[in-house]
>>> print(open('work.cif').read())   # mmCIF, C-alpha atoms
data_my_file
loop_
_atom_site.label_atom_id
_atom_site.label_comp_id
_atom_site.auth_asym_id
_atom_site.auth_seq_id
_atom_site.Cartn_x
_atom_site.Cartn_y
_atom_site.Cartn_z
CA MET A 144 6.44 10.06 28.59
CA ASP A 145 4.68 10.31 25.23
CA ASP A 146 6.37 8.58 22.31
CA ASP A 147 6.71 11.31 19.68
CA ARG A 148 8.62 9.17 17.15
CA PRO A 149 7.08 8.71 13.69
CA ASP A 150 4.87 5.65 13.63
CA VAL A 151 5.82 4.85 10.05
CA LEU A 152 8.89 5.77 8.00
CA LEU A 153 8.67 5.56 4.20
CA THR A 154 10.84 6.27 1.19
CA GLY A 155 10.44 5.53 -2.49
CA LEU A 156 9.42 6.95 -5.84
CA LEU A 157 6.32 9.09 -6.13
CA PHE A 158 4.09 9.21 -9.20
CA TYR A 159 1.22 11.31 -10.44
CA ASP A 160 -1.44 8.76 -11.43
CA LEU A 161 -4.08 9.18 -14.11
CA VAL A 162 -6.50 6.25 -13.90
CA LEU A 163 -8.91 5.39 -16.74
CA THR A 164 -11.78 3.00 -15.95
CA GLY A 165 -14.86 1.59 -17.60
CA LEU A 166 -13.33 0.13 -20.75
CA GLY A 167 -15.75 -1.97 -22.76
CA LYS A 168 -12.93 -4.21 -23.96
CA PRO A 169 -9.13 -4.38 -23.80
CA PRO A 170 -7.34 -1.80 -25.97
CA THR A 171 -5.66 -2.99 -29.16
CA PRO A 172 -3.00 -1.26 -31.28
CA GLY A 173 -4.38 1.35 -33.68
CA GLU A 174 -7.71 1.66 -31.89
CA GLU A 175 -9.18 4.50 -29.85
CA ILE A 176 -11.40 3.56 -26.90
CA TRP A 177 -13.50 6.01 -24.92
CA THR A 178 -13.64 5.16 -21.22
CA ARG A 179 -16.53 5.85 -18.85
CA GLY A 180 -14.46 7.11 -15.92
CA MET A 181 -11.24 8.88 -15.01
CA GLY A 182 -9.49 9.63 -11.72
CA CYS A 183 -6.22 11.27 -10.76
CA GLY A 184 -4.00 11.71 -7.73
CA PRO A 185 -0.66 10.83 -6.11
CA GLY A 186 0.59 7.27 -6.51
CA GLY A 187 3.67 5.15 -5.95
CA ILE A 188 5.04 5.58 -2.43
CA ALA A 189 2.16 7.98 -1.78
CA ASN A 190 -0.16 4.95 -1.65
CA LEU A 191 1.50 3.72 1.53
CA ALA A 192 1.85 7.20 3.02
CA VAL A 193 -1.81 8.12 2.65
CA ALA A 194 -3.08 4.69 3.73
CA ALA A 195 -0.99 4.86 6.91
CA SER A 196 -1.85 8.47 7.70
CA ARG A 197 -5.58 7.83 7.28
CA PHE A 198 -5.38 5.25 10.06
CA GLY A 199 -4.00 7.88 12.39
CA LEU A 200 -0.33 6.92 12.14
CA ARG A 201 2.32 9.64 12.31
CA THR A 202 3.78 9.13 8.85
CA SER A 203 7.16 10.45 7.66
CA LEU A 204 7.90 10.28 3.93
CA ALA A 205 11.24 10.77 2.15
CA THR A 206 10.64 11.19 -1.58
CA VAL A 207 11.44 13.49 -4.49
CA PHE A 208 8.95 15.92 -6.03
CA GLY A 209 9.51 17.41 -9.45
CA ASP A 210 9.42 21.19 -9.84
CA ASP A 211 6.34 20.94 -12.05
CA PHE A 212 2.56 21.01 -11.74
CA TYR A 213 2.37 17.33 -10.85
CA GLY A 214 4.98 17.63 -8.11
CA ALA A 215 3.35 20.70 -6.56
CA TYR A 216 -0.06 19.03 -6.65
CA CYS A 217 1.21 15.84 -5.00
CA ARG A 218 3.06 17.81 -2.32
CA ASP A 219 -0.06 19.81 -1.50
CA VAL A 220 -2.20 16.68 -1.26
CA LEU A 221 0.25 14.73 0.88
CA GLY A 222 1.43 17.48 3.19
CA GLY A 223 -1.58 19.78 3.30
CA GLN A 224 -4.57 17.49 2.86
CA GLU A 225 -3.32 14.20 4.32
CA GLY A 226 -1.01 15.41 7.10
CA VAL A 227 2.06 13.43 5.96
CA ASP A 228 5.39 14.75 7.31
CA LEU A 229 7.50 15.73 4.28
CA SER A 230 10.50 17.14 6.12
CA LEU A 231 12.73 14.38 4.68
CA SER A 232 11.50 14.99 1.11
CA ARG A 233 13.04 17.26 -1.53
CA THR A 234 11.89 19.16 -4.60
CA ALA A 235 14.30 18.68 -7.52
CA ASP A 236 14.90 21.50 -9.99
CA HIS A 237 14.42 20.65 -13.66
CA TRP A 238 13.28 17.09 -12.90
CA PRO A 239 9.84 15.91 -14.03
CA THR A 240 7.57 14.10 -11.60
CA PRO A 241 6.95 10.58 -12.96
CA VAL A 242 3.49 10.22 -14.47
CA THR A 243 1.61 6.94 -14.85
CA VAL A 244 -1.52 6.26 -16.88
CA SER A 245 -3.34 3.25 -15.42
CA VAL A 246 -5.84 1.60 -17.76
CA ALA A 247 -8.19 -0.55 -15.68
CA TYR A 248 -10.08 -3.34 -17.38
CA GLY A 249 -12.05 -6.03 -15.56
CA ASP A 250 -10.14 -7.10 -12.46
CA ASP A 251 -6.72 -5.97 -13.66
CA ARG A 252 -4.96 -3.01 -15.26
CA ALA A 253 -2.04 -1.99 -17.43
CA LEU A 254 0.36 0.84 -16.57
CA LEU A 255 2.12 3.29 -18.86
CA THR A 256 4.74 5.46 -17.15
CA HIS A 257 6.97 8.36 -18.10
CA GLY A 258 9.82 9.19 -15.75
CA GLN A 259 13.51 9.65 -15.16
CA GLU A 260 15.86 8.43 -12.46
CA PRO A 261 15.51 10.78 -9.46
CA PRO A 262 18.51 12.96 -8.57
CA TYR A 263 18.47 11.77 -4.93
CA SER A 264 18.69 8.13 -3.88
CA GLN A 265 16.83 6.61 -0.95
CA ASP A 266 20.04 6.54 1.08
CA VAL A 267 20.70 10.24 0.39
CA LEU A 268 17.14 11.20 1.32
CA MET A 269 17.20 9.17 4.53
CA GLY A 270 20.78 9.86 5.63
CA ASP A 271 20.74 8.76 9.26
CA PRO A 272 17.06 7.81 9.47
CA PRO A 273 15.05 9.15 12.39
CA ASP A 274 13.92 6.75 15.07
CA ALA A 275 10.53 5.34 14.08
CA ARG A 276 8.27 2.60 15.37
CA ALA A 277 8.04 0.97 11.94
CA ALA A 278 9.20 1.33 8.35
CA LEU A 279 7.43 -0.01 5.27
CA VAL A 280 9.98 -0.90 2.61
CA HIS A 281 10.32 -2.60 -0.75
CA ILE A 282 13.41 -4.80 -0.73
CA GLU A 283 15.42 -5.11 -3.92
CA ALA A 284 18.49 -7.01 -5.09
CA ARG A 285 20.77 -4.15 -3.99
CA PRO A 286 20.37 -3.58 -0.22
CA ARG A 287 19.71 -0.01 0.92
CA GLU A 288 22.14 1.29 3.53
CA TRP A 289 19.45 3.15 5.46
CA LEU A 290 17.62 -0.09 6.25
CA ALA A 291 20.42 -1.44 8.41
CA LYS A 292 20.64 1.91 10.20
CA ALA A 293 16.89 1.97 10.85
CA ALA A 294 16.88 -1.60 12.12
CA ALA A 295 19.79 -0.76 14.44
CA ASN A 296 17.69 2.11 15.83
CA GLY A 297 15.01 -0.39 16.83
CA THR A 298 12.66 0.38 13.95
CA HIS A 299 10.55 -2.63 12.97
CA ILE A 300 10.97 -3.21 9.24
CA TYR A 301 7.91 -4.43 7.33
CA ALA A 302 9.01 -5.47 3.85
CA ASP A 303 7.47 -6.52 0.59
CA VAL A 304 9.07 -7.46 -2.72
CA GLY A 305 8.16 -7.15 -6.38
CA TRP A 306 8.08 -9.22 -9.50
CA ASP A 307 11.52 -10.25 -10.76
CA PRO A 308 11.56 -9.48 -14.51
CA THR A 309 14.56 -11.80 -14.93
CA GLN A 310 12.56 -14.57 -13.24
CA GLU A 311 15.75 -15.76 -11.58
CA TRP A 312 14.24 -15.16 -8.12
CA SER A 313 17.64 -15.03 -6.44
CA THR A 314 17.43 -16.39 -2.92
CA ALA A 315 20.18 -13.93 -1.96
CA LEU A 316 17.47 -11.29 -1.71
CA LEU A 317 16.03 -13.16 1.27
CA ASP A 318 19.25 -12.45 3.20
CA GLN A 319 17.83 -8.98 3.82
CA LEU A 320 15.06 -10.52 5.92
CA SER A 321 17.54 -10.67 8.78
CA LEU A 322 16.87 -6.94 9.16
CA CYS A 323 13.09 -7.32 9.00
CA HIS A 324 10.33 -7.80 11.52
CA ALA A 325 7.77 -8.86 8.90
CA PHE A 326 7.67 -9.91 5.24
CA LEU A 327 4.52 -9.64 3.11
CA PRO A 328 4.93 -11.10 -0.41
CA ASN A 329 2.16 -12.46 -2.59
CA GLU A 330 2.01 -16.19 -3.17
CA THR A 331 3.67 -16.08 -6.61
CA GLU A 332 6.65 -14.19 -5.21
CA ALA A 333 6.74 -16.26 -2.02
CA MET A 334 6.80 -19.59 -3.85
CA ALA A 335 9.35 -18.38 -6.40
CA TYR A 336 11.82 -17.06 -3.84
CA THR A 337 11.48 -20.09 -1.55
CA ARG A 338 11.42 -22.68 -4.36
CA THR A 339 8.19 -24.19 -3.00
CA ASP A 340 4.96 -25.25 -4.70
CA SER A 341 2.27 -23.85 -2.41
CA ALA A 342 1.56 -20.74 -0.38
CA LEU A 343 1.53 -22.77 2.83
CA ALA A 344 4.90 -24.35 2.08
CA ALA A 345 6.35 -20.93 1.22
CA LEU A 346 5.02 -19.56 4.50
CA GLY A 347 6.70 -22.41 6.34
CA THR A 348 10.06 -21.47 4.84
CA LEU A 349 9.64 -17.72 5.34
CA CYS A 350 8.65 -18.00 8.98
CA GLU A 351 12.10 -19.44 9.66
CA LEU A 352 13.68 -16.27 8.22
CA VAL A 353 11.55 -13.49 9.72
CA PRO A 354 9.46 -13.16 12.90
CA VAL A 355 6.20 -12.37 11.08
CA ALA A 356 5.53 -13.87 7.64
CA VAL A 357 2.45 -13.07 5.55
CA VAL A 358 1.54 -14.55 2.17
CA THR A 359 -1.30 -12.93 0.25
CA ARG A 360 -3.31 -15.16 -2.09
CA GLY A 361 -5.52 -12.97 -4.23
CA GLY A 362 -9.04 -14.38 -4.33
CA ASP A 363 -8.10 -16.95 -1.68
CA GLY A 364 -7.29 -14.30 0.93
CA ALA A 365 -4.12 -14.38 3.02
CA LEU A 366 -2.29 -16.49 5.58
CA ALA A 367 0.33 -15.62 8.14
CA VAL A 368 2.51 -16.85 11.00
CA ASP A 369 3.72 -14.77 13.95
CA GLN A 370 6.63 -16.58 15.56
CA ILE A 371 6.73 -14.08 18.42
CA THR A 372 3.22 -14.88 19.64
CA GLY A 373 3.00 -18.40 18.21
CA GLU A 374 -0.11 -17.53 16.15
CA TYR A 375 -1.19 -18.85 12.76
CA ALA A 376 -4.06 -17.26 10.83
CA GLU A 377 -5.75 -17.72 7.48
CA VAL A 378 -8.57 -15.46 6.26
CA PRO A 379 -10.64 -15.29 3.05
CA ALA A 380 -10.75 -12.34 0.68
CA LEU A 381 -13.59 -9.83 0.86
CA ASP A 382 -16.19 -10.28 -1.87
CA THR A 383 -16.47 -6.81 -3.37
CA HIS A 384 -16.99 -4.94 -6.62
CA VAL A 385 -13.71 -3.92 -8.24
CA LEU A 386 -13.47 -0.52 -9.90
CA ASP A 387 -9.67 -0.27 -9.88
CA ALA A 388 -7.11 -2.32 -7.95
CA THR A 389 -4.14 0.04 -8.33
CA GLY A 390 -2.39 0.34 -4.97
CA ALA A 391 -4.57 -2.16 -3.11
CA GLY A 392 -1.49 -4.11 -2.08
CA ASP A 393 -0.06 -0.99 -0.49
CA VAL A 394 -3.29 -0.44 1.44
CA PHE A 395 -3.03 -4.03 2.67
CA GLY A 396 0.52 -3.46 3.91
CA ALA A 397 -0.18 -0.13 5.62
CA SER A 398 -3.30 -1.53 7.29
CA PHE A 399 -1.41 -4.57 8.56
CA VAL A 400 1.22 -2.26 10.07
CA ALA A 401 -1.45 -0.07 11.69
CA ALA A 402 -3.07 -3.10 13.32
CA SER A 403 0.32 -4.53 14.33
CA LEU A 404 1.34 -1.29 16.04
CA GLY A 405 -1.95 -1.53 17.92
CA GLY A 406 -0.95 -4.93 19.28
CA TRP A 407 -3.87 -6.80 17.73
CA PRO A 408 -4.02 -10.61 17.47
CA LEU A 409 -2.75 -11.96 14.16
CA ALA A 410 -6.17 -12.99 12.81
CA GLU A 411 -7.49 -9.48 13.44
CA ARG A 412 -4.47 -7.89 11.77
CA LEU A 413 -4.96 -10.06 8.72
CA ARG A 414 -8.72 -9.52 8.45
CA PHE A 415 -8.30 -5.78 8.89
CA ALA A 416 -5.74 -5.61 6.08
CA VAL A 417 -7.96 -7.72 3.79
CA LEU A 418 -10.92 -5.45 4.54
CA ALA A 419 -9.03 -2.20 3.93
CA ALA A 420 -7.62 -3.50 0.63
CA GLY A 421 -11.07 -4.69 -0.41
CA LEU A 422 -12.60 -1.30 0.33
CA SER A 423 -9.88 0.48 -1.63
CA VAL A 424 -10.63 -1.28 -4.93
CA ARG A 425 -14.11 0.28 -4.96
CA HIS A 426 -12.56 3.64 -5.82
CA HIS A 427 -10.16 4.94 -8.43
CA GLY A 428 -6.75 3.67 -7.44
CA GLY A 429 -3.64 5.25 -6.10
CA ALA A 430 -3.21 6.89 -2.74
CA LEU A 431 -6.65 8.45 -2.43
CA ALA A 432 -8.50 5.11 -2.61
CA ALA A 433 -7.36 4.24 0.93
CA PRO A 434 -10.46 4.00 3.18
CA GLY A 435 -9.05 5.21 6.51
CA TRP A 436 -11.00 4.79 9.72
CA HIS A 437 -13.98 6.63 8.27
CA GLY A 438 -14.35 4.12 5.45
CA VAL A 439 -13.95 1.14 7.77
CA GLU A 440 -16.48 2.55 10.25
CA ARG A 441 -18.97 3.24 7.49
CA TRP A 442 -18.62 -0.32 6.16
CA TRP A 443 -19.02 -1.84 9.61
CA ARG A 444 -22.07 0.27 10.46
CA SER A 445 -23.80 -0.74 7.21
CA GLN A 446 -22.87 -4.43 7.40
CA THR A 447 -25.86 -6.79 7.73
CA ASP A 448 -24.30 -10.10 6.67
CA PRO A 449 -24.33 -12.30 9.84
CA GLU A 450 -21.14 -14.14 8.87
CA LEU A 451 -19.22 -10.93 8.26
CA ARG A 452 -20.61 -9.42 11.46
CA ARG A 453 -19.17 -12.38 13.37
CA ALA A 454 -15.85 -12.43 11.52
CA TYR A 455 -15.30 -8.70 11.92
CA GLY A 456 -16.92 -8.29 15.32
CA PHE A 457 -13.58 -7.15 16.74
CA LEU A 458 -14.05 -3.85 14.88
CA ALA A 459 -16.65 -2.79 17.44
CA ASP A 460 -13.80 -2.39 19.94
CA ARG A 461 -11.13 -1.25 17.48
CA ILE A 462 -12.78 1.61 15.57
CA PRO A 463 -12.02 4.94 17.28
CA ALA A 464 -14.89 6.79 18.90
CA ASP A 465 -14.22 9.55 16.38
CA PRO A 466 -13.26 7.92 13.05
CA GLY A 467 -12.72 11.35 11.52
CA PRO A 468 -14.35 13.05 8.54
CA ALA A 469 -14.99 11.47 5.17
CA VAL A 470 -11.75 11.00 3.26
CA HIS A 471 -10.96 12.71 -0.02
CA HIS A 472 -11.11 10.30 -2.93
CA ALA A 473 -9.46 10.95 -6.27
CA PRO A 474 -11.01 13.68 -8.41
CA VAL A 475 -13.25 11.69 -10.73
CA THR A 476 -14.93 12.25 -14.08
CA PRO A 477 -17.85 11.71 -13.93
CA PRO A 478 -18.29 12.41 -10.18
CA SER A 479 -19.08 9.31 -8.13
CA PRO A 480 -22.77 9.18 -7.12
CA HIS A 481 -21.75 7.60 -3.80
CA THR A 482 -19.58 10.40 -2.45
CA PRO A 483 -20.44 14.07 -1.85
CA SER A 484 -18.86 16.66 -4.12
CA VAL A 485 -17.83 18.73 -1.09
CA ARG A 486 -16.22 17.04 1.91
CA ALA A 487 -15.05 18.24 5.27
CA PRO A 488 -11.33 19.01 5.24
CA ARG A 489 -9.06 16.36 6.69
CA GLN A 490 -7.12 17.43 9.73
CA GLY A 491 -3.37 17.62 9.33
CA GLY A 492 -0.74 16.79 11.87
CA THR A 493 0.84 14.65 13.54
CA ASP A 494 -4.75 -6.49 -1.66
CA PRO A 495 -2.95 -8.62 -2.75
CA SER A 496 -5.78 -9.89 -0.63
CA HIS A 497 -8.14 -9.25 -3.49
CA PRO A 498 -7.96 -11.29 -6.70
CA SER A 499 -6.97 -8.23 -8.69
CA ALA A 500 -4.52 -6.76 -6.23
CA ARG A 501 -1.35 -8.78 -6.45
CA ARG A 502 2.00 -7.09 -5.91
CA THR A 503 3.65 -8.13 -9.16
CA GLY A 504 4.96 -4.75 -10.18
CA THR A 505 1.50 -3.25 -10.46
CA THR A 506 1.07 -1.62 -7.09
CA GLY A 507 2.57 1.77 -6.51
CA VAL A 508 5.54 0.80 -4.39
CA THR A 509 6.92 -1.82 -6.73
CA ARG A 510 6.54 -0.34 -10.18
CA GLY A 511 9.15 1.50 -12.15
CA PRO A 512 12.92 1.07 -12.41
CA PHE A 513 13.88 3.93 -10.11
CA SER A 514 12.21 3.18 -6.77
#
>>> encode(input="work.cif", output="structure tokens")
Amino acid sequence: MDDDRPDVLLTGLLFYDLVLTGLGKPPTPGEEIWTRGMGCGPGGIANLAVAASRFGLRTSLATVFGDDFYGAYCRDVLGGQEGVDLSLSRTADHWPTPVTVSVAYGDDRALLTHGQEPPYSQDVLMGDPPDARAALVHIEARPREWLAKAAANGTHIYADVGWDPTQEWSTALLDQLSLCHAFLPNETEAMAYTRTDSALAALGTLCELVPVAVVTRGGDGALAVDQITGEYAEVPALDTHVLDATGAGDVFGASFVAASLGGWPLAERLRFAVLAAGLSVRHHGGALAAPGWHGVERWWRSQTDPELRRAYGFLADRIPADPGPAVHHAPVTPPSPHTPSVRAPRQGGTDPSHPSARRTGTTGVTRGPFS
């Protein structure tokens, strides 16, 4: 019998992102700076939803859309263009969709956000969550009731965590890992929560708390342990040009889940996530930077570096025979010279690994006080 459950279940706060790139220098108070590029599109929880859907996963999203232009636009992109199931989502009357301006400079960026607390909580949106193969979640100090229900249904919970502005790094938060199948913090978060002084030591502590532990290390790549299979893996970051790193950590997480649901060996899962995150930072950030199978296939076909060909040789057997049409990237001013202005429509249905892509409150899932 076919398994018609959602592959991935998601909930969280959605944003409309406006990304400015190409600053000549950091902005200072009282100064106007003209940027060379601008992109826009859905962000926040949409980063994970689009990244997962573009790898062919049946993706169900529970979020709140405002009854404004930004909410309507994001709903159309997610449901119509990207094929994300929005049956658990709601449109709220007289509530503005949160808007973020991301100012990218060098290998990092600053975020300015306007928003209000949504009228529906994650637990209200989810209710009794549907059975799903996996859920990607952001754990916080206050546990969400729906997580325990999803775990009881047999859903594998893949969790990340954000920067603690109090810098108390309460170890009580790690109690929630008892519900989780995998935990994917960056090394700063991992060391802080485990009270250790290295990524490897943090991994050693975390792998005693959760079956699959991953620690992302920015420019040093990522390392992981799978206690179920007995595997350990460590991979380097992808050397790539960074246009904007917004949401790269979310691409890493969604890609790791996609590979995990495929039953890949740990080293392949980790390399695949590093690659997808690295490809995403070449485009204006947010949800529409996710490469999908088309982007991965295009990179693999054009790759001539012998070392990378060896390291990523597994892709020859993993990339689908039909990787799908070119994905839609964020509307950009000026238009990117590397992507056509008209693309085939996407069919509906159904990194922290990079030095600039650390989940410290700057990727879509973790930012904002209302997620």
>>> resolve_selection(input="work.cif", expression="the PyMOL selection byres ((chain A and resi 445-462) around 10)", output="number ranges by chain")
A: 198, 378, 381, 402, 405, 407, 410-411, 414-415, 418, 436-437, 439-444, 463-466
>>> closest_residue(input="work.cif", among="A:Leu156, A:Leu422, A:Ala333, A:Val246", to="Thr178 (chain A)", atoms="all atoms listed in the file")
A:Val246
>>> residues_around(input="work.cif", residues="Asp266 (chain A)", least_positions_apart="2", cutoff="7 Å", atoms="all atoms listed in the file", output="ChimeraX atom specification")
/A:264,268-270,287-289
>>> residues_around(input="work.cif", residues="Thr256 (chain A)", least_positions_apart="6", cutoff="9 Å", atoms="all atoms listed in the file", output="list in words")
Phe158, Pro241, Val242, Thr243, Val244, Ser245 and Gly511 of chain A
>>> residues_around(input="work.cif", residues="Thr154 (chain A)", least_positions_apart="5", cutoff="10 Å", atoms="only C-alpha atoms", output="list in words")
Ile188, Ala189, Leu191, Ala192, Ser203, Leu204, Ala205, Thr206, Val207, Leu231, Ser232, Ser264, Gln265, Asp266, Leu268, Met269, Ala278, Leu279, Val280, His281, Val508 and Ser514 of chain A
>>> residues_near_point(input="work.cif", point="(-4.7, -13.2, 13.8)", cutoff="12 Å", atoms="all atoms listed in the file", output="ChimeraX atom specification")
/A:355-357,365-370,372-378,399,402-403,406-417,454-455,457
>>> closest_residue(input="work.cif", among="A:Ser398, A:Thr202, A:Ser341, A:Thr389", to="Leu163 (chain A)", atoms="all atoms listed in the file")
A:Thr389
>>> residues_around(input="work.cif", residues="Thr240 (chain A)", least_positions_apart="6", cutoff="12 Å", atoms="all atoms listed in the file", output="ChimeraX atom specification")
/A:156-160,185-187,206-218,233-234,256-262
>>> atom_distance(input="work.cif", atom1="CA of Ala277 (chain A)", atom2="CA of Val151 (chain A)")
4.9 Å
>>> resolve_selection(input="work.cif", expression="the PyMOL selection byres ((chain A and resi 283) around 10)", output="mmCIF file with C-alpha atoms, keeping the file's coordinate frame")
data_model
loop_
_atom_site.group_PDB
_atom_site.id
_atom_site.type_symbol
_atom_site.label_atom_id
_atom_site.label_comp_id
_atom_site.auth_asym_id
_atom_site.auth_seq_id
_atom_site.Cartn_x
_atom_site.Cartn_y
_atom_site.Cartn_z
ATOM 1 C CA VAL A 280 9.980 -0.900 2.610
ATOM 2 C CA HIS A 281 10.320 -2.600 -0.750
ATOM 3 C CA ILE A 282 13.410 -4.800 -0.730
ATOM 4 C CA ALA A 284 18.490 -7.010 -5.090
ATOM 5 C CA ARG A 285 20.770 -4.150 -3.990
ATOM 6 C CA PRO A 286 20.370 -3.580 -0.220
ATOM 7 C CA ARG A 287 19.710 -0.010 0.920
ATOM 8 C CA ASP A 303 7.470 -6.520 0.590
ATOM 9 C CA VAL A 304 9.070 -7.460 -2.720
ATOM 10 C CA GLY A 305 8.160 -7.150 -6.380
ATOM 11 C CA ASP A 307 11.520 -10.250 -10.760
ATOM 12 C CA LEU A 316 17.470 -11.290 -1.710
ATOM 13 C CA LEU A 317 16.030 -13.160 1.270
ATOM 14 C CA GLN A 319 17.830 -8.980 3.820
ATOM 15 C CA THR A 509 6.920 -1.820 -6.730
ATOM 16 C CA SER A 514 12.210 3.180 -6.770
#
>>> atom_distance(input="work.cif", atom1="CA of Trp177 (chain A)", atom2="CA of Pro239 (chain A)")
27.6 Å
>>> decode(input="work.cif", residues="region 347-364 of chain A", atoms="N, CA, C and O atoms", output="PDB file, in the first residue's frame")
ATOM      1  N   GLY A 347      29.505  14.660  21.348  1.00  0.00           N
ATOM      2  CA  GLY A 347      29.556  13.497  22.214  1.00  0.00           C
ATOM      3  C   GLY A 347      28.478  13.527  23.279  1.00  0.00           C
ATOM      4  O   GLY A 347      27.900  12.487  23.633  1.00  0.00           O
ATOM      5  N   THR A 348      28.191  14.701  23.808  1.00  0.00           N
ATOM      6  CA  THR A 348      27.126  14.827  24.807  1.00  0.00           C
ATOM      7  C   THR A 348      25.753  14.673  24.174  1.00  0.00           C
ATOM      8  O   THR A 348      24.874  13.968  24.692  1.00  0.00           O
ATOM      9  N   LEU A 349      25.555  15.323  23.024  1.00  0.00           N
ATOM     10  CA  LEU A 349      24.239  15.304  22.386  1.00  0.00           C
ATOM     11  C   LEU A 349      23.850  13.915  21.900  1.00  0.00           C
ATOM     12  O   LEU A 349      22.668  13.551  21.918  1.00  0.00           O
ATOM     13  N   CYS A 350      24.830  13.140  21.453  1.00  0.00           N
ATOM     14  CA  CYS A 350      24.482  11.826  20.915  1.00  0.00           C
ATOM     15  C   CYS A 350      24.021  10.867  22.002  1.00  0.00           C
ATOM     16  O   CYS A 350      23.503   9.785  21.700  1.00  0.00           O
ATOM     17  N   GLU A 351      24.188  11.255  23.264  1.00  0.00           N
ATOM     18  CA  GLU A 351      23.626  10.467  24.360  1.00  0.00           C
ATOM     19  C   GLU A 351      22.169  10.841  24.645  1.00  0.00           C
ATOM     20  O   GLU A 351      21.495  10.146  25.396  1.00  0.00           O
ATOM     21  N   LEU A 352      21.709  11.949  24.036  1.00  0.00           N
ATOM     22  CA  LEU A 352      20.369  12.464  24.301  1.00  0.00           C
ATOM     23  C   LEU A 352      19.406  12.253  23.148  1.00  0.00           C
ATOM     24  O   LEU A 352      18.188  12.343  23.331  1.00  0.00           O
ATOM     25  N   VAL A 353      19.921  12.006  21.957  1.00  0.00           N
ATOM     26  CA  VAL A 353      19.079  11.923  20.761  1.00  0.00           C
ATOM     27  C   VAL A 353      19.718  10.930  19.790  1.00  0.00           C
ATOM     28  O   VAL A 353      20.952  10.839  19.712  1.00  0.00           O
ATOM     29  N   PRO A 354      18.927  10.166  19.040  1.00  0.00           N
ATOM     30  CA  PRO A 354      19.515   9.150  18.161  1.00  0.00           C
ATOM     31  C   PRO A 354      20.467   9.705  17.111  1.00  0.00           C
ATOM     32  O   PRO A 354      21.510   9.113  16.837  1.00  0.00           O
ATOM     33  N   VAL A 355      20.121  10.838  16.504  1.00  0.00           N
ATOM     34  CA  VAL A 355      20.969  11.436  15.471  1.00  0.00           C
ATOM     35  C   VAL A 355      21.328  12.851  15.899  1.00  0.00           C
ATOM     36  O   VAL A 355      20.432  13.691  16.084  1.00  0.00           O
ATOM     37  N   ALA A 356      22.603  13.123  16.064  1.00  0.00           N
ATOM     38  CA  ALA A 356      23.074  14.444  16.474  1.00  0.00           C
ATOM     39  C   ALA A 356      23.958  15.014  15.378  1.00  0.00           C
ATOM     40  O   ALA A 356      24.862  14.331  14.876  1.00  0.00           O
ATOM     41  N   VAL A 357      23.685  16.271  15.007  1.00  0.00           N
ATOM     42  CA  VAL A 357      24.454  16.975  13.978  1.00  0.00           C
ATOM     43  C   VAL A 357      24.902  18.302  14.563  1.00  0.00           C
ATOM     44  O   VAL A 357      24.104  19.011  15.182  1.00  0.00           O
ATOM     45  N   VAL A 358      26.162  18.660  14.353  1.00  0.00           N
ATOM     46  CA  VAL A 358      26.665  19.968  14.757  1.00  0.00           C
ATOM     47  C   VAL A 358      27.261  20.635  13.524  1.00  0.00           C
ATOM     48  O   VAL A 358      28.175  20.095  12.898  1.00  0.00           O
ATOM     49  N   THR A 359      26.711  21.779  13.157  1.00  0.00           N
ATOM     50  CA  THR A 359      27.222  22.507  11.994  1.00  0.00           C
ATOM     51  C   THR A 359      28.278  23.503  12.454  1.00  0.00           C
ATOM     52  O   THR A 359      28.169  24.101  13.525  1.00  0.00           O
ATOM     53  N   ARG A 360      29.319  23.701  11.597  1.00  0.00           N
ATOM     54  CA  ARG A 360      30.504  24.419  12.039  1.00  0.00           C
ATOM     55  C   ARG A 360      30.907  25.551  11.105  1.00  0.00           C
ATOM     56  O   ARG A 360      32.089  25.892  11.002  1.00  0.00           O
ATOM     57  N   GLY A 361      29.938  26.129  10.411  1.00  0.00           N
ATOM     58  CA  GLY A 361      30.283  27.243   9.545  1.00  0.00           C
ATOM     59  C   GLY A 361      31.295  26.854   8.492  1.00  0.00           C
ATOM     60  O   GLY A 361      31.135  25.876   7.766  1.00  0.00           O
ATOM     61  N   GLY A 362      32.396  27.601   8.428  1.00  0.00           N
ATOM     62  CA  GLY A 362      33.418  27.357   7.419  1.00  0.00           C
ATOM     63  C   GLY A 362      34.155  26.049   7.587  1.00  0.00           C
ATOM     64  O   GLY A 362      34.907  25.629   6.698  1.00  0.00           O
ATOM     65  N   ASP A 363      33.962  25.384   8.725  1.00  0.00           N
ATOM     66  CA  ASP A 363      34.601  24.087   8.955  1.00  0.00           C
ATOM     67  C   ASP A 363      33.677  22.920   8.643  1.00  0.00           C
ATOM     68  O   ASP A 363      34.018  21.771   8.924  1.00  0.00           O
ATOM     69  N   GLY A 364      32.495  23.191   8.091  1.00  0.00           N
ATOM     70  CA  GLY A 364      31.601  22.126   7.656  1.00  0.00           C
ATOM     71  C   GLY A 364      30.652  21.653   8.729  1.00  0.00           C
ATOM     72  O   GLY A 364      30.047  22.450   9.440  1.00  0.00           O
TER      73      GLY A 364
END
